[in-house]
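Right, one structure below, let's go through it.
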Amino acid sequence: MTETPHDAQQHFNTRVIHEGQGFDPTTGAIIPPIYQTSTFVQDGIGGLRGGYEYGRSGNPTRTSLQTLLASLEGGSRAISFASGLAAEDALLRAVLAPGDHVVLGNDVYGGTHRLINRVHGAWGVRNTTVDLGDHDAVRSALGIERTRILWIETPSNPLMKISDIAALAVLGHAAGAIVVVDNTFASPALQQPLSLGADVVVHSTTKYLGGHSDVIGGAIVTSDEELADKVAFLQFAAGAVSAPLDAWLTVRGIKTLGVRMQRHSENAQAIAEKLAQHPAIEAVYYPGLPSHPGHELAARQMSGFGGMLSVALAGGADAARHFAESTTVFQLAESLGGVESLIGYPSEMTHASVKGTALEVPDNVVRLSVGIEDVADLLADVEQALAR
């Protein structure tokens, strides 16, 4: 595979198609091949072609994805994993030791909280959840002995809270903490956390980056070479690598990321505005609405408001469950970020693991991942479901 030179002057929608995607020099194939191999022949002992030795330590298809992700997030290194939680786990183990402390938002993804609280917690890692919009509370939590990480998720899942990355990065760095931003909901098409002061970006590439609900993956991106080396070593030692086909599918999806995020955002804005006027809806959580408390911050920090929104049903839990089960274009399923529209009931689905904790999602909340279908059909679907 030929190398594509990095041109920092090229715009985002050019880089999603070309960065790390040089044509195959042997055949001229415009799409680089999938290197579906477990090992690589050596030119004599230790004579590695391109540095490739064994599939767990490296693969050209994975390198292609990592080159692309680093460029899109403005980092120097990206490491691709078998899942988003695998990426988070390797990062946490690279930074933390028993007795260390993590500060994270009180509305993070339930799987992230479960990983930090129950898996790493069993090995002596402590955590404090706070409202990241309350900077005094954040500063106080960061003052806890041996705080190593400030974990930010913005927009948050599922209540779409917007956190000030730049301001929180200042607070985190003043306390000597590494600042991590989960950029899954926004994607690099809409938000660039490293440019705002974050040290590390994490992704579930399963979602908007892959974009077609056909691959599981995760990644971290950073410009901290020492940290990247630690994470890469842990990946090699523990083995949570993305497979060649998964990496190739993710690259394939990223090629349309910019145009998809534009359509996701347009559709979600229209639905949010419509639902905000509906008598069955108690509240709409979408940063594109001027009524959203994080609207002005999101407008400064992001280049679009994204395709995710949540609604609270005035009729309570029964109404919420019935609504989630009554749509037809919006399909009832976990996950998000695909071209198709999905609907979910966080209390019993994506966030079931945090029921009974401070992170519990209200039981009248329904989450919508707005796809790129015709917006008229999406509007008609939510209207008929609410009418039921």
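To be explicit about the labels: the chains of the structure tokens are called A, B, and onward in the order shown, and within each one the residues are counted from 1, while ligands get numbers from 1 in the order they are shown.
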Query raised in the report: Residues at most 8 Å from range 215-227 of chain A, counting only C-alpha atoms, excluding those fewer than 4 positions away in the same chain, as a PyMOL selection string?
Result: chain A and resi 69-70+73+75-88+91+94-95+194+199-206+210+231+242+246-247+249-250
Report task. Tell me, as a count of residues only, which residues lie within 9 Å of Val284 in chain A, counting only C-alpha atoms; anything in the same chain fewer than 3 positions away does not count. Result -> 11
Report task. Give the alpha helix (DSSP H) residues of range 88-119 of chain A, as DSSP finds them on the backbone, and put them as a list in words. Result ->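 Selection result, alpha helix (DSSP H) within range 88-119 of chain A: Glu88, Asp89, Ala90, Leu91, Leu92, Arg93, Ala94, Val95, Gly110, Gly111, Thr112, His113 and Arg114 of chain A.
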Let's have the selection written as a short mmCIF file (atom, residue, chain, number, x, y, z; two decimals), in the first residue's frame, with C-alpha atoms.
```cif
data_model
loop_
_atom_site.label_atom_id
_atom_site.label_comp_id
_atom_site.auth_asym_id
_atom_site.auth_seq_id
_atom_site.Cartn_x
_atom_site.Cartn_y
_atom_site.Cartn_z
CA GLU A 88 -10.94 2.68 27.58
CA ASP A 89 -9.64 -0.26 29.62
CA ALA A 90 -6.16 -0.10 28.09
CA LEU A 91 -6.02 3.65 28.67
CA LEU A 92 -7.07 3.28 32.30
CA ARG A 93 -4.48 0.57 32.94
CA ALA A 94 -1.80 2.68 31.28
CA VAL A 95 -2.45 5.57 33.67
CA GLY A 110 -23.16 3.29 31.90
CA GLY A 111 -20.52 0.95 30.47
CA THR A 112 -17.76 3.44 31.21
CA HIS A 113 -18.92 3.85 34.79
CA ARG A 114 -19.20 0.06 35.18
#
```
Using backbone DSSP assignments, extract all strand (DSSP E or B) residues from range 156-316 of chain A; output them as an mmCIF file with N, CA and C atoms, in the first residue's frame.
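Done, and the output landed in out_19.cif:
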```cif
data_model
loop_
_atom_site.group_PDB
_atom_site.id
_atom_site.type_symbol
_atom_site.label_atom_id
_atom_site.label_comp_id
_atom_site.auth_asym_id
_atom_site.auth_seq_id
_atom_site.Cartn_x
_atom_site.Cartn_y
_atom_site.Cartn_z
ATOM 1 N N ILE A 178 -4.687 13.813 33.861
ATOM 2 C CA ILE A 178 -4.842 13.651 32.417
ATOM 3 C C ILE A 178 -6.310 13.871 32.073
ATOM 4 N N VAL A 179 -6.567 14.663 31.058
ATOM 5 C CA VAL A 179 -7.934 14.999 30.665
ATOM 6 C C VAL A 179 -8.333 14.156 29.459
ATOM 7 N N VAL A 180 -9.350 13.341 29.653
ATOM 8 C CA VAL A 180 -9.837 12.423 28.633
ATOM 9 C C VAL A 180 -11.226 12.859 28.200
ATOM 10 N N VAL A 181 -11.467 12.879 26.890
ATOM 11 C CA VAL A 181 -12.793 13.225 26.368
ATOM 12 C C VAL A 181 -13.314 12.077 25.513
ATOM 13 N N ASP A 182 -14.487 11.592 25.869
ATOM 14 C CA ASP A 182 -15.200 10.634 25.023
ATOM 15 C C ASP A 182 -15.928 11.443 23.952
ATOM 16 N N VAL A 200 -6.371 13.241 25.709
ATOM 17 C CA VAL A 200 -6.727 11.997 25.035
ATOM 18 C C VAL A 200 -8.177 12.056 24.594
ATOM 19 N N VAL A 201 -8.439 11.521 23.408
ATOM 20 C CA VAL A 201 -9.805 11.320 22.928
ATOM 21 C C VAL A 201 -10.050 9.820 22.856
ATOM 22 N N VAL A 202 -11.217 9.391 23.335
ATOM 23 C CA VAL A 202 -11.612 7.993 23.185
ATOM 24 C C VAL A 202 -12.863 7.915 22.322
ATOM 25 N N HIS A 203 -12.987 6.816 21.606
ATOM 26 C CA HIS A 203 -14.137 6.596 20.726
ATOM 27 C C HIS A 203 -14.626 5.164 20.813
ATOM 28 N N GLY A 218 -13.092 0.352 18.748
ATOM 29 C CA GLY A 218 -12.821 1.495 19.608
ATOM 30 C C GLY A 218 -11.456 2.060 19.294
ATOM 31 N N ALA A 219 -11.162 3.222 19.837
ATOM 32 C CA ALA A 219 -9.870 3.847 19.564
ATOM 33 C C ALA A 219 -9.550 4.884 20.624
ATOM 34 N N ILE A 220 -8.261 5.132 20.803
ATOM 35 C CA ILE A 220 -7.820 6.310 21.525
ATOM 36 C C ILE A 220 -6.932 7.116 20.583
ATOM 37 N N VAL A 221 -6.959 8.441 20.761
ATOM 38 C CA VAL A 221 -6.113 9.346 19.976
ATOM 39 C C VAL A 221 -5.459 10.321 20.940
ATOM 40 N N THR A 222 -4.168 10.565 20.756
ATOM 41 C CA THR A 222 -3.443 11.479 21.631
ATOM 42 C C THR A 222 -2.223 12.012 20.900
ATOM 43 N N VAL A 241 -6.921 -6.170 19.965
ATOM 44 C CA VAL A 241 -6.716 -5.453 18.701
ATOM 45 C C VAL A 241 -7.959 -5.534 17.825
ATOM 46 N N ILE A 281 -44.793 15.345 25.436
ATOM 47 C CA ILE A 281 -43.381 15.438 25.769
ATOM 48 C C ILE A 281 -43.162 16.455 26.883
ATOM 49 N N GLU A 282 -42.526 16.003 27.946
ATOM 50 C CA GLU A 282 -42.227 16.876 29.087
ATOM 51 C C GLU A 282 -40.971 17.699 28.851
ATOM 52 N N ALA A 283 -39.962 17.095 28.217
ATOM 53 C CA ALA A 283 -38.697 17.789 27.960
ATOM 54 C C ALA A 283 -37.995 17.133 26.784
ATOM 55 N N VAL A 284 -37.275 17.950 26.025
ATOM 56 C CA VAL A 284 -36.438 17.464 24.936
ATOM 57 C C VAL A 284 -35.000 17.824 25.260
ATOM 58 N N TYR A 285 -34.130 16.836 25.227
ATOM 59 C CA TYR A 285 -32.714 17.050 25.508
ATOM 60 C C TYR A 285 -31.955 17.024 24.183
ATOM 61 N N MET A 308 -28.044 12.804 18.059
ATOM 62 C CA MET A 308 -28.599 12.165 19.253
ATOM 63 C C MET A 308 -29.505 13.121 20.015
ATOM 64 N N LEU A 309 -30.646 12.631 20.449
ATOM 65 C CA LEU A 309 -31.508 13.405 21.323
ATOM 66 C C LEU A 309 -32.278 12.457 22.230
ATOM 67 N N SER A 310 -32.717 12.975 23.346
ATOM 68 C CA SER A 310 -33.549 12.212 24.270
ATOM 69 C C SER A 310 -34.766 13.039 24.635
ATOM 70 N N VAL A 311 -35.825 12.345 25.008
ATOM 71 C CA VAL A 311 -37.062 13.020 25.411
ATOM 72 C C VAL A 311 -37.574 12.400 26.695
ATOM 73 N N ALA A 312 -38.183 13.235 27.528
ATOM 74 C CA ALA A 312 -38.869 12.763 28.724
ATOM 75 C C ALA A 312 -40.359 12.805 28.446
ATOM 76 N N LEU A 313 -41.037 11.700 28.659
ATOM 77 C CA LEU A 313 -42.473 11.601 28.400
ATOM 78 C C LEU A 313 -43.268 12.092 29.603
#
```
Query raised in the report: What's the 10 Å shell around Gly143 in chain A, counting only C-alpha atoms, without same-chain residues fewer than 2 positions away, as JSON, numbers by chain?
Result: {"A": [103, 137, 138, 139, 140, 141, 145, 146, 147, 172, 174, 175, 176]}
**Report entry** Residue contacts of Thr14 in chain A (12 Å, only C-alpha atoms) excluding same-chain residues fewer than 5 positions away, as a PyMOL selection string
**Finding:** chain A and resi 6-9+19-21+68+71-72+189+254-259
Query - Within 12 Å of range 57-61 of chain A using only C-alpha atoms, minus same-chain residues under 2 positions, as number ranges by chain - result: A: 1-3, 20-22, 24, 31-40, 48-55, 63-68, 79-81, 232-252
Within 12 Å of Val329 in chain A, counting only C-alpha atoms, which residues show up once you throw out same-chain ones fewer than 3 positions away? Write them as an mmCIF file with N, CA and C atoms, in the first residue's frame, please.
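Final file, out-v1.cif:
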```
data_model
loop_
_atom_site.group_PDB
_atom_site.id
_atom_site.type_symbol
_atom_site.label_atom_id
_atom_site.label_comp_id
_atom_site.auth_asym_id
_atom_site.auth_seq_id
_atom_site.Cartn_x
_atom_site.Cartn_y
_atom_site.Cartn_z
ATOM 1 N N ALA A 324 -41.386 3.886 23.026
ATOM 2 C CA ALA A 324 -40.198 3.209 22.485
ATOM 3 C C ALA A 324 -40.561 1.948 21.713
ATOM 4 N N GLU A 325 -41.692 1.350 22.054
ATOM 5 C CA GLU A 325 -42.108 0.112 21.404
ATOM 6 C C GLU A 325 -43.105 0.323 20.269
ATOM 7 N N SER A 326 -43.404 1.601 19.948
ATOM 8 C CA SER A 326 -44.460 1.877 18.970
ATOM 9 C C SER A 326 -43.970 2.468 17.660
ATOM 10 N N LEU A 332 -36.280 -0.436 17.614
ATOM 11 C CA LEU A 332 -35.915 -0.606 19.010
ATOM 12 C C LEU A 332 -34.654 -1.446 19.112
ATOM 13 N N ALA A 333 -33.554 -0.822 19.492
ATOM 14 C CA ALA A 333 -32.275 -1.526 19.572
ATOM 15 C C ALA A 333 -31.279 -0.681 20.358
ATOM 16 N N VAL A 339 -26.575 4.662 10.038
ATOM 17 C CA VAL A 339 -27.381 5.391 9.061
ATOM 18 C C VAL A 339 -28.861 5.220 9.340
ATOM 19 N N GLU A 340 -29.234 4.132 10.011
ATOM 20 C CA GLU A 340 -30.636 3.894 10.329
ATOM 21 C C GLU A 340 -30.987 4.498 11.687
ATOM 22 N N SER A 341 -32.245 4.862 11.862
ATOM 23 C CA SER A 341 -32.689 5.458 13.112
ATOM 24 C C SER A 341 -33.023 4.375 14.129
ATOM 25 N N LEU A 342 -32.568 4.594 15.372
ATOM 26 C CA LEU A 342 -32.811 3.657 16.459
ATOM 27 C C LEU A 342 -33.473 4.390 17.625
ATOM 28 N N ILE A 343 -34.205 3.631 18.414
ATOM 29 C CA ILE A 343 -34.835 4.178 19.604
ATOM 30 C C ILE A 343 -34.557 3.222 20.752
ATOM 31 N N LEU A 368 -33.189 8.713 21.239
ATOM 32 C CA LEU A 368 -33.307 8.519 19.796
ATOM 33 C C LEU A 368 -31.958 8.761 19.121
ATOM 34 N N SER A 369 -31.542 7.807 18.323
ATOM 35 C CA SER A 369 -30.394 7.982 17.434
ATOM 36 C C SER A 369 -30.987 8.249 16.058
ATOM 37 N N VAL A 370 -30.946 9.495 15.637
ATOM 38 C CA VAL A 370 -31.632 9.909 14.412
ATOM 39 C C VAL A 370 -30.753 9.597 13.211
ATOM 40 N N GLY A 371 -31.281 8.794 12.299
ATOM 41 C CA GLY A 371 -30.524 8.368 11.134
ATOM 42 C C GLY A 371 -30.590 9.366 9.996
ATOM 43 N N ILE A 372 -30.277 8.885 8.807
ATOM 44 C CA ILE A 372 -30.224 9.774 7.637
ATOM 45 C C ILE A 372 -31.360 9.496 6.660
ATOM 46 N N GLU A 373 -32.440 8.840 7.143
ATOM 47 C CA GLU A 373 -33.608 8.635 6.297
ATOM 48 C C GLU A 373 -34.262 9.986 5.961
ATOM 49 N N ASP A 374 -35.278 9.956 5.125
ATOM 50 C CA ASP A 374 -36.005 11.181 4.813
ATOM 51 C C ASP A 374 -36.662 11.700 6.089
ATOM 52 N N VAL A 375 -36.454 12.953 6.394
ATOM 53 C CA VAL A 375 -36.929 13.506 7.658
ATOM 54 C C VAL A 375 -38.455 13.465 7.759
ATOM 55 N N ALA A 376 -39.165 13.548 6.635
ATOM 56 C CA ALA A 376 -40.629 13.487 6.678
ATOM 57 C C ALA A 376 -41.095 12.143 7.217
ATOM 58 N N ASP A 377 -40.416 11.081 6.845
ATOM 59 C CA ASP A 377 -40.788 9.762 7.338
ATOM 60 C C ASP A 377 -40.467 9.614 8.825
ATOM 61 N N LEU A 378 -39.369 10.198 9.246
ATOM 62 C CA LEU A 378 -39.015 10.138 10.664
ATOM 63 C C LEU A 378 -40.006 10.924 11.515
ATOM 64 N N LEU A 379 -40.379 12.101 11.056
ATOM 65 C CA LEU A 379 -41.363 12.909 11.782
ATOM 66 C C LEU A 379 -42.706 12.196 11.855
ATOM 67 N N ALA A 380 -43.126 11.610 10.763
ATOM 68 C CA ALA A 380 -44.394 10.888 10.741
ATOM 69 C C ALA A 380 -44.362 9.708 11.707
ATOM 70 N N ASP A 381 -43.214 9.049 11.803
ATOM 71 C CA ASP A 381 -43.093 7.890 12.680
ATOM 72 C C ASP A 381 -43.229 8.267 14.154
ATOM 73 N N VAL A 382 -42.531 9.321 14.576
ATOM 74 C CA VAL A 382 -42.647 9.704 15.992
ATOM 75 C C VAL A 382 -44.030 10.243 16.312
ATOM 76 N N GLU A 383 -44.626 10.909 15.350
ATOM 77 C CA GLU A 383 -45.988 11.441 15.585
ATOM 78 C C GLU A 383 -46.992 10.314 15.745
ATOM 79 N N GLN A 384 -46.905 9.276 14.888
ATOM 80 C CA GLN A 384 -47.886 8.180 15.024
ATOM 81 C C GLN A 384 -47.636 7.404 16.320
ATOM 82 N N ALA A 385 -46.366 7.291 16.722
ATOM 83 C CA ALA A 385 -46.085 6.568 17.964
ATOM 84 C C ALA A 385 -46.611 7.330 19.173
#
```
Query - Pick from A:His101, A:Ala317, A:Asp131, A:Gly74 nearest to His11 in chain A, counting only C-alpha atoms - result: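 Closest to His11 in chain A of all the choices is A:Gly74.
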Query raised in the report: So which residues touch Pro346 in chain A within 10 Å, counting only C-alpha atoms, skipping near sequence neighbours fewer than 4 positions away, as a PyMOL selection string?
Result: chain A and resi 110+157-158+310+334+350-353+355+360-367
Just to be explicit: take each residue in the selection above, keep C-alpha atoms, and write the result as a PDB file, in the first residue's frame.
```
ATOM      1  CA  GLY A 110     -23.156   3.288  31.897  1.00  0.00           C
ATOM      2  CA  ASN A 157     -25.302   9.888  27.129  1.00  0.00           C
ATOM      3  CA  PRO A 158     -28.315  10.075  27.264  1.00  0.00           C
ATOM      4  CA  SER A 310     -33.549  12.212  24.270  1.00  0.00           C
ATOM      5  CA  GLU A 334     -29.201  -0.638  21.588  1.00  0.00           C
ATOM      6  CA  THR A 350     -27.955   1.041  27.695  1.00  0.00           C
ATOM      7  CA  HIS A 351     -27.881   2.297  31.298  1.00  0.00           C
ATOM      8  CA  ALA A 352     -29.335  -0.653  33.195  1.00  0.00           C
ATOM      9  CA  SER A 353     -25.973  -1.140  34.930  1.00  0.00           C
ATOM     10  CA  LYS A 355     -29.802   1.759  38.130  1.00  0.00           C
ATOM     11  CA  GLU A 360     -29.515   6.403  37.138  1.00  0.00           C
ATOM     12  CA  VAL A 361     -31.456   7.623  34.090  1.00  0.00           C
ATOM     13  CA  PRO A 362     -35.050   8.761  34.755  1.00  0.00           C
ATOM     14  CA  ASP A 363     -37.512   6.058  33.778  1.00  0.00           C
ATOM     15  CA  ASN A 364     -39.563   8.390  31.579  1.00  0.00           C
ATOM     16  CA  VAL A 365     -36.632   9.086  29.231  1.00  0.00           C
ATOM     17  CA  VAL A 366     -36.376   7.652  25.709  1.00  0.00           C
ATOM     18  CA  ARG A 367     -33.236   8.064  23.572  1.00  0.00           C
TER      19      ARG A 367
END
```
